[in-house]
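Asker: Below is the file input_0.tsv, with TSV, N, CA and C atoms.
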```
chain	number	residue	atom	x	y	z
A	950	MET	N	149.56	117.86	130.62
A	950	MET	CA	149.82	116.55	130.07
A	950	MET	C	148.48	115.93	129.66
A	951	PRO	N	148.38	115.40	128.43
A	951	PRO	CA	147.11	114.84	127.98
A	951	PRO	C	146.81	113.52	128.69
A	952	ARG	N	145.53	113.21	128.76
A	952	ARG	CA	145.11	111.96	129.39
A	952	ARG	C	145.48	110.78	128.49
A	953	PRO	N	145.80	109.63	129.10
A	953	PRO	CA	146.10	108.46	128.27
A	953	PRO	C	144.83	107.94	127.60
A	954	THR	N	144.99	107.43	126.40
A	954	THR	CA	143.85	106.87	125.69
A	954	THR	C	143.57	105.47	126.20
A	955	ALA	N	142.43	104.93	125.81
A	955	ALA	CA	142.08	103.57	126.23
A	955	ALA	C	143.09	102.56	125.69
A	956	ALA	N	143.55	102.77	124.47
A	956	ALA	CA	144.53	101.85	123.88
A	956	ALA	C	145.84	101.87	124.67
A	957	GLN	N	146.25	103.05	125.10
A	957	GLN	CA	147.48	103.15	125.89
A	957	GLN	C	147.34	102.40	127.21
A	958	LEU	N	146.20	102.54	127.86
A	958	LEU	CA	145.97	101.84	129.13
A	958	LEU	C	145.95	100.32	128.93
A	959	VAL	N	145.28	99.87	127.88
A	959	VAL	CA	145.17	98.43	127.63
A	959	VAL	C	146.53	97.83	127.28
A	960	TYR	N	147.25	98.45	126.34
A	960	TYR	CA	148.55	97.92	125.93
A	960	TYR	C	149.56	97.98	127.07
A	961	GLY	N	149.55	99.06	127.82
A	961	GLY	CA	150.47	99.18	128.94
A	961	GLY	C	150.20	98.14	130.02
A	962	SER	N	148.93	97.96	130.37
A	962	SER	CA	148.56	96.98	131.40
A	962	SER	C	148.87	95.56	130.94
A	963	ALA	N	148.54	95.26	129.70
A	963	ALA	CA	148.83	93.92	129.17
A	963	ALA	C	150.33	93.65	129.16
A	964	THR	N	151.10	94.65	128.82
A	964	THR	CA	152.56	94.48	128.81
A	964	THR	C	153.08	94.19	130.21
A	965	VAL	N	152.56	94.88	131.21
A	965	VAL	CA	153.00	94.66	132.59
A	965	VAL	C	152.69	93.23	133.03
A	966	VAL	N	151.47	92.78	132.76
A	966	VAL	CA	151.06	91.44	133.21
A	966	VAL	C	151.86	90.36	132.50
A	967	VAL	N	151.94	90.45	131.16
A	967	VAL	CA	152.64	89.42	130.39
A	967	VAL	C	154.14	89.41	130.72
A	968	THR	N	154.73	90.57	130.84
A	968	THR	CA	156.17	90.65	131.14
A	968	THR	C	156.46	90.11	132.54
A	969	THR	N	155.61	90.42	133.50
A	969	THR	CA	155.82	89.92	134.87
A	969	THR	C	155.77	88.39	134.88
A	970	LEU	N	154.73	87.84	134.26
A	970	LEU	CA	154.61	86.38	134.22
A	970	LEU	C	155.79	85.74	133.50
A	971	ALA	N	156.19	86.31	132.37
A	971	ALA	CA	157.30	85.75	131.60
A	971	ALA	C	158.61	85.81	132.40
A	972	LEU	N	158.87	86.94	133.02
A	972	LEU	CA	160.11	87.07	133.80
A	972	LEU	C	160.14	86.11	134.99
A	973	LEU	N	159.00	85.96	135.65
A	973	LEU	CA	158.96	85.05	136.81
A	973	LEU	C	159.10	83.60	136.38
A	974	LEU	N	158.47	83.23	135.27
A	974	LEU	CA	158.57	81.85	134.80
A	974	LEU	C	159.95	81.53	134.25
A	975	LEU	N	160.52	82.46	133.50
A	975	LEU	CA	161.83	82.21	132.89
A	975	LEU	C	162.97	82.27	133.90
A	976	SER	N	162.85	83.14	134.88
A	976	SER	CA	163.95	83.26	135.85
A	976	SER	C	163.87	82.20	136.94
A	977	GLY	N	162.68	81.73	137.22
A	977	GLY	CA	162.52	80.72	138.26
A	977	GLY	C	162.88	81.23	139.64
A	978	THR	N	162.82	82.51	139.84
A	978	THR	CA	163.19	83.09	141.14
A	978	THR	C	162.12	82.82	142.19
A	979	GLU	N	162.57	82.65	143.42
A	979	GLU	CA	161.65	82.44	144.53
A	979	GLU	C	161.88	83.48	145.64
A	980	SER	N	162.89	84.31	145.46
A	980	SER	CA	163.19	85.31	146.49
A	980	SER	C	162.31	86.55	146.29
A	981	GLY	N	162.10	87.26	147.36
A	981	GLY	CA	161.31	88.48	147.30
A	981	GLY	C	161.98	89.56	146.46
A	982	ILE	N	163.30	89.61	146.51
A	982	ILE	CA	164.04	90.60	145.72
A	982	ILE	C	163.89	90.31	144.23
A	983	GLY	N	163.94	89.04	143.85
A	983	GLY	CA	163.79	88.65	142.45
A	983	GLY	C	162.40	88.99	141.92
A	984	VAL	N	161.39	88.74	142.72
A	984	VAL	CA	160.01	89.06	142.33
A	984	VAL	C	159.84	90.57	142.21
A	985	ALA	N	160.39	91.32	143.16
A	985	ALA	CA	160.30	92.79	143.11
A	985	ALA	C	161.03	93.33	141.89
A	986	LEU	N	162.18	92.75	141.56
A	986	LEU	CA	162.94	93.18	140.39
A	986	LEU	C	162.16	92.88	139.10
A	987	ALA	N	161.54	91.72	139.02
A	987	ALA	CA	160.75	91.36	137.84
A	987	ALA	C	159.54	92.29	137.70
A	988	ALA	N	158.87	92.57	138.79
A	988	ALA	CA	157.70	93.45	138.76
A	988	ALA	C	158.09	94.88	138.38
A	989	THR	N	159.21	95.35	138.92
A	989	THR	CA	159.67	96.71	138.59
A	989	THR	C	160.06	96.81	137.13
A	990	THR	N	160.73	95.80	136.62
A	990	THR	CA	161.12	95.78	135.20
A	990	THR	C	159.88	95.76	134.31
A	991	ALA	N	158.90	94.95	134.67
A	991	ALA	CA	157.67	94.86	133.88
A	991	ALA	C	156.90	96.18	133.93
A	992	LEU	N	156.88	96.81	135.08
A	992	LEU	CA	156.19	98.09	135.20
A	992	LEU	C	156.86	99.16	134.33
A	993	ALA	N	158.17	99.18	134.33
A	993	ALA	CA	158.90	100.15	133.50
A	993	ALA	C	158.65	99.89	132.01
A	994	LEU	N	158.65	98.62	131.62
A	994	LEU	CA	158.39	98.29	130.22
A	994	LEU	C	156.96	98.63	129.82
A	995	GLY	N	156.00	98.37	130.71
A	995	GLY	CA	154.61	98.72	130.43
A	995	GLY	C	154.41	100.22	130.29
A	996	LEU	N	155.07	100.98	131.12
A	996	LEU	CA	155.00	102.43	131.02
A	996	LEU	C	155.62	102.92	129.71
A	997	LEU	N	156.73	102.33	129.32
A	997	LEU	CA	157.38	102.69	128.07
A	997	LEU	C	156.47	102.40	126.87
A	998	VAL	N	155.82	101.23	126.89
A	998	VAL	CA	154.91	100.87	125.79
A	998	VAL	C	153.74	101.84	125.74
A	999	ALA	N	153.17	102.18	126.88
A	999	ALA	CA	152.02	103.08	126.91
A	999	ALA	C	152.38	104.48	126.43
A	1000	VAL	N	153.54	104.96	126.79
A	1000	VAL	CA	153.96	106.30	126.40
A	1000	VAL	C	154.33	106.37	124.93
A	1001	ARG	N	154.95	105.33	124.42
A	1001	ARG	CA	155.41	105.33	123.02
A	1001	ARG	C	154.30	105.03	122.02
A	1002	LEU	N	153.15	104.54	122.48
A	1002	LEU	CA	152.04	104.24	121.58
A	1002	LEU	C	151.54	105.54	120.97
A	1003	PRO	N	151.43	105.61	119.64
A	1003	PRO	CA	150.99	106.87	119.03
A	1003	PRO	C	149.56	107.20	119.40
A	1004	GLN	N	149.32	108.47	119.67
A	1004	GLN	CA	147.98	108.93	120.02
A	1004	GLN	C	147.28	109.41	118.77
A	1005	ARG	N	146.00	109.05	118.67
A	1005	ARG	CA	145.19	109.55	117.56
A	1005	ARG	C	144.76	110.97	117.89
A	1006	THR	N	144.67	111.79	116.86
A	1006	THR	CA	144.18	113.14	117.05
A	1006	THR	C	142.66	113.10	117.06
A	1007	ALA	N	142.09	113.55	118.13
A	1007	ALA	CA	140.63	113.55	118.26
A	1007	ALA	C	140.02	114.59	117.33
A	1008	PRO	N	138.75	114.39	116.91
A	1008	PRO	CA	138.10	115.38	116.06
A	1008	PRO	C	138.08	116.77	116.67
A	1009	GLY	N	138.09	116.86	117.96
A	1009	GLY	CA	138.10	118.16	118.61
A	1009	GLY	C	139.50	118.66	118.91
A	1010	GLY	N	140.52	118.03	118.28
A	1010	GLY	CA	141.91	118.38	118.54
A	1010	GLY	C	142.26	119.76	118.00
A	1011	ALA	N	143.45	120.20	118.32
A	1011	ALA	CA	143.88	121.55	117.94
A	1011	ALA	C	143.93	121.73	116.43
A	1012	ALA	N	144.39	120.70	115.71
A	1012	ALA	CA	144.48	120.83	114.25
A	1012	ALA	C	143.10	120.95	113.63
A	1013	HIS	N	142.15	120.18	114.14
A	1013	HIS	CA	140.80	120.22	113.61
A	1013	HIS	C	140.12	121.56	113.94
A	1014	GLN	N	140.33	122.05	115.14
A	1014	GLN	CA	139.72	123.32	115.54
A	1014	GLN	C	140.26	124.46	114.70
A	1015	GLY	N	141.55	124.44	114.39
A	1015	GLY	CA	142.12	125.50	113.55
A	1015	GLY	C	141.52	125.49	112.16
A	1016	ALA	N	141.32	124.30	111.59
A	1016	ALA	CA	140.72	124.19	110.26
A	1016	ALA	C	139.26	124.62	110.30
A	1017	ALA	N	138.56	124.28	111.37
A	1017	ALA	CA	137.16	124.68	111.49
A	1017	ALA	C	137.03	126.19	111.62
A	1018	ARG	N	137.93	126.81	112.37
A	1018	ARG	CA	137.89	128.26	112.50
A	1018	ARG	C	138.16	128.94	111.17
A	1019	ALA	N	139.11	128.41	110.40
A	1019	ALA	CA	139.44	128.99	109.10
A	1019	ALA	C	138.26	128.86	108.15
A	1020	ALA	N	137.57	127.72	108.17
A	1020	ALA	CA	136.41	127.52	107.31
A	1020	ALA	C	135.27	128.45	107.71
A	1021	ALA	N	135.07	128.63	109.01
A	1021	ALA	CA	134.02	129.52	109.47
A	1021	ALA	C	134.32	130.97	109.08
A	1022	ALA	N	135.57	131.37	109.18
A	1022	ALA	CA	135.95	132.73	108.80
A	1022	ALA	C	135.76	132.93	107.31
A	1023	HIS	N	136.09	131.92	106.51
A	1023	HIS	CA	135.90	132.02	105.06
A	1023	HIS	C	134.42	132.12	104.73
A	1024	ALA	N	133.57	131.34	105.38
A	1024	ALA	CA	132.13	131.39	105.13
A	1024	ALA	C	131.56	132.74	105.54
A	1025	HIS	N	132.06	133.28	106.63
A	1025	HIS	CA	131.58	134.58	107.10
A	1025	HIS	C	131.92	135.66	106.07
A	1026	HIS	N	133.13	135.63	105.54
A	1026	HIS	CA	133.51	136.62	104.54
A	1026	HIS	C	132.73	136.44	103.25
A	1027	ALA	N	132.39	135.20	102.92
A	1027	ALA	CA	131.62	134.95	101.69
A	1027	ALA	C	130.21	135.50	101.82
A	1028	LEU	N	129.66	135.51	103.04
A	1028	LEU	CA	128.30	136.00	103.25
A	1028	LEU	C	128.23	137.52	103.38
A	1029	ASP	N	129.37	138.17	103.54
A	1029	ASP	CA	129.37	139.62	103.70
A	1029	ASP	C	128.77	140.32	102.49
A	1030	GLY	N	128.92	139.77	101.30
A	1030	GLY	CA	128.39	140.40	100.09
A	1030	GLY	C	126.91	140.19	99.91
A	1031	ILE	N	126.32	139.27	100.65
A	1031	ILE	CA	124.89	138.98	100.52
A	1031	ILE	C	124.14	139.80	101.56
A	1032	GLY	N	123.13	140.48	101.13
A	1032	GLY	CA	122.33	141.29	102.06
A	1032	GLY	C	121.48	140.41	102.97
A	1033	ALA	N	121.04	140.97	104.07
A	1033	ALA	CA	120.22	140.22	105.03
A	1033	ALA	C	118.90	139.81	104.40
A	1034	ARG	N	118.36	140.61	103.51
A	1034	ARG	CA	117.08	140.26	102.88
A	1034	ARG	C	117.21	139.00	102.02
A	1035	GLU	N	118.37	138.82	101.42
A	1035	GLU	CA	118.56	137.65	100.56
A	1035	GLU	C	118.76	136.37	101.37
A	1036	ARG	N	119.27	136.48	102.58
A	1036	ARG	CA	119.52	135.28	103.39
A	1036	ARG	C	118.28	134.81	104.11
A	1037	VAL	N	117.38	135.67	104.52
A	1037	VAL	CA	116.22	135.30	105.32
A	1037	VAL	C	115.26	134.40	104.56
A	1038	PRO	N	114.91	134.69	103.31
A	1038	PRO	CA	113.97	133.80	102.63
A	1038	PRO	C	114.50	132.37	102.50
A	1039	ALA	N	115.79	132.20	102.36
A	1039	ALA	CA	116.35	130.85	102.27
A	1039	ALA	C	116.14	130.10	103.58
A	1040	ALA	N	116.30	130.81	104.68
A	1040	ALA	CA	116.09	130.17	105.98
A	1040	ALA	C	114.63	129.81	106.16
A	1041	ARG	N	113.73	130.71	105.75
A	1041	ARG	CA	112.30	130.43	105.88
A	1041	ARG	C	111.87	129.28	104.99
A	1042	SER	N	112.42	129.21	103.78
A	1042	SER	CA	112.03	128.13	102.88
A	1042	SER	C	112.50	126.78	103.42
A	1043	SER	N	113.65	126.74	104.09
A	1043	SER	CA	114.11	125.48	104.66
A	1043	SER	C	113.24	125.08	105.85
A	1044	GLN	N	112.73	126.07	106.60
A	1044	GLN	CA	111.82	125.76	107.70
A	1044	GLN	C	110.52	125.21	107.15
A	1045	ARG	N	110.02	125.81	106.09
A	1045	ARG	CA	108.77	125.33	105.50
A	1045	ARG	C	108.95	123.92	104.95
A	1046	ALA	N	110.08	123.62	104.38
A	1046	ALA	CA	110.33	122.28	103.86
A	1046	ALA	C	110.34	121.27	105.00
A	1047	GLY	N	110.89	121.66	106.13
A	1047	GLY	CA	110.89	120.77	107.30
A	1047	GLY	C	109.49	120.56	107.83
A	1048	GLU	N	108.69	121.62	107.88
A	1048	GLU	CA	107.30	121.49	108.33
A	1048	GLU	C	106.51	120.62	107.37
A	1049	HIS	N	106.77	120.78	106.06
A	1049	HIS	CA	106.05	120.02	105.06
A	1049	HIS	C	106.35	118.52	105.20
A	1050	SER	N	107.62	118.18	105.48
A	1050	SER	CA	107.98	116.76	105.61
A	1050	SER	C	107.40	116.17	106.88
A	1051	LEU	N	107.16	117.01	107.91
A	1051	LEU	CA	106.57	116.50	109.16
A	1051	LEU	C	105.08	116.20	108.99
A	1052	ARG	N	104.41	116.92	108.10
A	1052	ARG	CA	102.98	116.73	107.89
A	1052	ARG	C	102.68	115.42	107.19
A	1053	ARG	N	103.61	114.89	106.44
A	1053	ARG	CA	103.38	113.66	105.67
A	1053	ARG	C	103.31	112.48	106.52
```
As structure tokens - that is how I would like this structure written.
Answerer:
Amino acid sequence: MPRPTAAQLVYGSATVVVTTLALLLLSGTESGIGVALAATTALALGLLVAVRLPQRTAPGGAAHQGAARAAAAHAHHALDGIGARERVPAARSSQRAGEHSLRR
């Protein structure tokens, strides 16, 4: 089961607090059973709100990782036609460019 997001925790907690206060004020109950019933109802509603809140897909999510793997595989196949001698000078020239910018 995935961990709840910060938004789920905030919305769920706020729902519990607001619902409890509203139920206690509107019902005017003074008995322990009435307070327990209001708190239980608010807790259930807060849990429902937290669970139903849509979760954002994190950049490291499964969909993103699958796309990244496909892109890496495509890049690997694209480099298969290039010999090792052709790739090394490009890497060295980028290192020299970095050294040159550090000297300035």
Asker: Would you please work out which residue, of A:Met950, A:Leu970, A:Ala955, A:Ala963, is nearest to A:Ala988 when using all atoms listed in the file?
Answerer: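 Looking only at the distances to A:Ala988, the closest residue turns out to be A:Leu970.
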Asker: Would you pick out the contacts of A:Val965 at 6 Å or less, using only N, CA and C atoms, so that residues sharing its chain but fewer than 3 positions from it are not included, and give the list as an NGL selection string?
Answerer: :A and (960-962 or 968-970 or 991-992 or 994-995)
Asker: One number please: atom CA of A:Ala993 to atom C of A:Ala971, in Å, one decimal.
Answerer: 14.4 Å
Asker: Provide the atom N of A:Thr978 to atom CA of A:Thr964 distance in Å, to one decimal place.
Answerer: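 We find that atom N of A:Thr978 and atom CA of A:Thr964 lie 19.2 Å from each other.
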Asker: Skip A:Thr954 itself and residues of its chain fewer than 3 positions away, then list as a list in words all residues within 8 Å of it, counting all atoms listed in the file.
Answerer: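 Here the qualifying residues turn out to be Pro951, Gln957, Leu958, Val959, Tyr960, Ala999, Gln1004 and Arg1005 of chain A.
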Asker: Atom N of A:Leu975 and atom C of A:Leu1002 are how many Å apart?
Answerer: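 Going from atom N of A:Leu975 over to atom C of A:Leu1002 covers 27.8 Å.
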